[in-house]
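Undergrad: Sharing a structure with you now.
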Amino acid sequence: MDKVGKKSRGTFVVEVLDCQNGTMQGTVFWANKQKKKSFRSALELLEMMGAVVGNDEEKRGFR
């Protein structure tokens, strides 16, 4: 539970491995579910994390 009493949906550890073409590539670890996934751009990273926080099962990149 976080400070306001709601169950936390997203704790992420992001590892940036490289920066090319104006964006970054790396891995993101979703600590709540113990899952790791690679990302190829900052946009892809934000979409994965946004789907987790927004509880969007279809777009969630952590299957």
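How things are named: the first chain in the structure tokens is A, the next is B, and so on; residues count from 1 in each chain; ligands count from 1 in the order shown.
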Tell me, as a PyMOL selection string, which residues lie within 9 Å of Arg40 in chain A, counting only C-alpha atoms; anything in the same chain fewer than 5 positions away does not count.
TA: chain A and resi 23-27+45
Undergrad: Find the residues near Ala31 in chain A: any atom within 9 Å, counting only C-alpha atoms, skip ones fewer than 6 places away on the same chain, and give them as a PyMOL selection string.
TA: chain A and resi 10-13
Undergrad: How would the residues just picked look written out with all heavy atoms as a short mmCIF file (atom, residue, chain, number, x, y, z; two decimals), in the first residue's frame?
TA:
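To be explicit, this is the file written out as selection_6.cif:
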```cif
data_model
loop_
_atom_site.label_atom_id
_atom_site.label_comp_id
_atom_site.auth_asym_id
_atom_site.auth_seq_id
_atom_site.Cartn_x
_atom_site.Cartn_y
_atom_site.Cartn_z
N GLY A 10 2.54 0.11 -9.93
CA GLY A 10 3.75 0.17 -10.73
C GLY A 10 4.97 0.66 -10.00
O GLY A 10 5.06 1.84 -9.68
N THR A 11 5.90 -0.23 -9.76
CA THR A 11 7.24 0.13 -9.31
C THR A 11 8.17 -0.42 -10.38
O THR A 11 8.18 -1.62 -10.64
CB THR A 11 7.57 -0.49 -7.94
OG1 THR A 11 6.61 -0.02 -7.00
CG2 THR A 11 8.96 -0.11 -7.49
N PHE A 12 8.91 0.49 -11.02
CA PHE A 12 9.73 0.11 -12.16
C PHE A 12 11.20 0.44 -11.91
O PHE A 12 11.51 1.47 -11.31
CB PHE A 12 9.29 0.86 -13.42
CG PHE A 12 7.84 0.64 -13.76
CD1 PHE A 12 6.88 1.54 -13.36
CD2 PHE A 12 7.45 -0.47 -14.49
CE1 PHE A 12 5.55 1.35 -13.68
CE2 PHE A 12 6.12 -0.68 -14.81
CZ PHE A 12 5.17 0.24 -14.41
N VAL A 13 12.07 -0.41 -12.41
CA VAL A 13 13.50 -0.14 -12.45
C VAL A 13 13.88 -0.10 -13.92
O VAL A 13 13.70 -1.09 -14.64
CB VAL A 13 14.31 -1.23 -11.71
CG1 VAL A 13 15.80 -0.96 -11.81
CG2 VAL A 13 13.86 -1.32 -10.26
#
```
Undergrad: When distances are computed from only C-alpha atoms, which of A:Met49, A:Lys35, A:Ser41, A:Phe29 shows the smallest separation from Glu15 in chain A?
TA: A:Phe29
Undergrad: Can you work out the spacing between CA of Lys37 in chain A and CA of Asn21 in chain A in Å, to one decimal?
TA: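 It comes out at 20.7 Å.
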Undergrad: Rounded to one decimal in Å, what is the spacing between CA of Gly54 in chain A and CA of Ala42 in chain A?
TA: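 Separation between CA of Gly54 in chain A and CA of Ala42 in chain A: 17.7 Å.
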Undergrad: DSSP on the backbone: what in range 9-59 of chain A comes out alpha helix (DSSP H), as a ChimeraX atom specification?
TA: /A:42-53
